[in-house]
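Right, one structure below, let's go through it.
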Amino acid sequence: MEERDPKFSRVGRKKKRSNQLLNILIGAVVILILITGYTIISGGNDDKADKDTASDDNIDLVVDEEQDEDDSEKGTEEQEEPDDISEERASSDGASEENDSERNRNEEQSTDEPGTVTITEGDDGIVKETVIETAWEPIGTEQTGEHVSLYDGESVDWNEKKKAISYATNVPESNLIFWKIKNGGGPQKSIGIVSTKDQSEKYRVYLEWVDGEGWKPVQMDILNTLDFDY
């Protein structure tokens, strides 16, 4: 039986223990490295999650602030709109009232403006219609000095009366029969009764004298008949 060297046996056992201890240390280092790596990775994910959460919170905050601003602006617009509508309505009402006032003034003035014609139905069998036209003007005159109304059938004043009657009726003197020209109730007033030569149209014209300007028609009756006392 072979005997082993006791020295060799001790050296072998020491070497075996050293290998075991080294393996334990290596295993511990590996475990430590794994733990450290996991911690780093886990911590990074948590930081990223925290950052994402913070980013989401910031986004929500910005959205909320924008929403608050929109609501604030909307509220301001809603408050301003009724005022704007009221102002527009007041302006429109004011313009309407102004237009109505202007229209009323124009209607009042139209009764006095040249060219206005007033026609009134006659109230008896003699007068068919009475016409008053504000556009009538004095016909002019050749007379000078103090005016004297004449009914002599030949004077300048008499002929100017005929001219004024023709002007009012819009019928030429050559187509008129002058049935009568008489005093109209005053020294400067006259009345002429005339008809067309075929007597289809019959008139009674009221004249007034305007100093320096001549005879002016002021009223004309369109007659139904000449059968009355004139």
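Residues are referred to by chain and number: the chain letter is A, B, ... according to the order shown in the structure tokens, the number counts from 1 in that chain, and ligands are numbered separately from 1 in the order shown.
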Excluding Glu137 (chain A) and any residue of its chain fewer than 6 positions from it, enumerate the residues within 12 Å of it, using only C-alpha atoms, and give them as JSON, numbers by chain.
-> {"A": [114, 115, 164, 165, 167, 168, 207, 208, 209, 210, 213, 214, 215, 216, 217, 218, 219]}
Between CA of Ser166 (chain A) and CA of Gly122 (chain A) - distance in Å to one decimal |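 Atom-to-atom, CA of Gly122 (chain A) to CA of Ser166 (chain A), that is 21.8 Å.
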Contacts of region 143-149 of chain A within 12 Å, only C-alpha atoms, excl. fewer than 2 positions in-chain, as number ranges by chain = A: 140-141, 151-153, 155-161, 181-191, 207-215
CA of Phe178 (chain A) to CA of Gly125 (chain A): how many Å, to one decimal?
->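 Rounded to one decimal, the two atoms are 21.3 Å apart.
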Spatial neighbours of Asp123 (chain A), 12 Å, only C-alpha atoms, chain gap at least 4 places, as a list in words |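 Near Asp123 (chain A), the qualifying residues are Val127, Lys128, Glu129, Thr130, Asp221, Leu223 and Asn224 of chain A.
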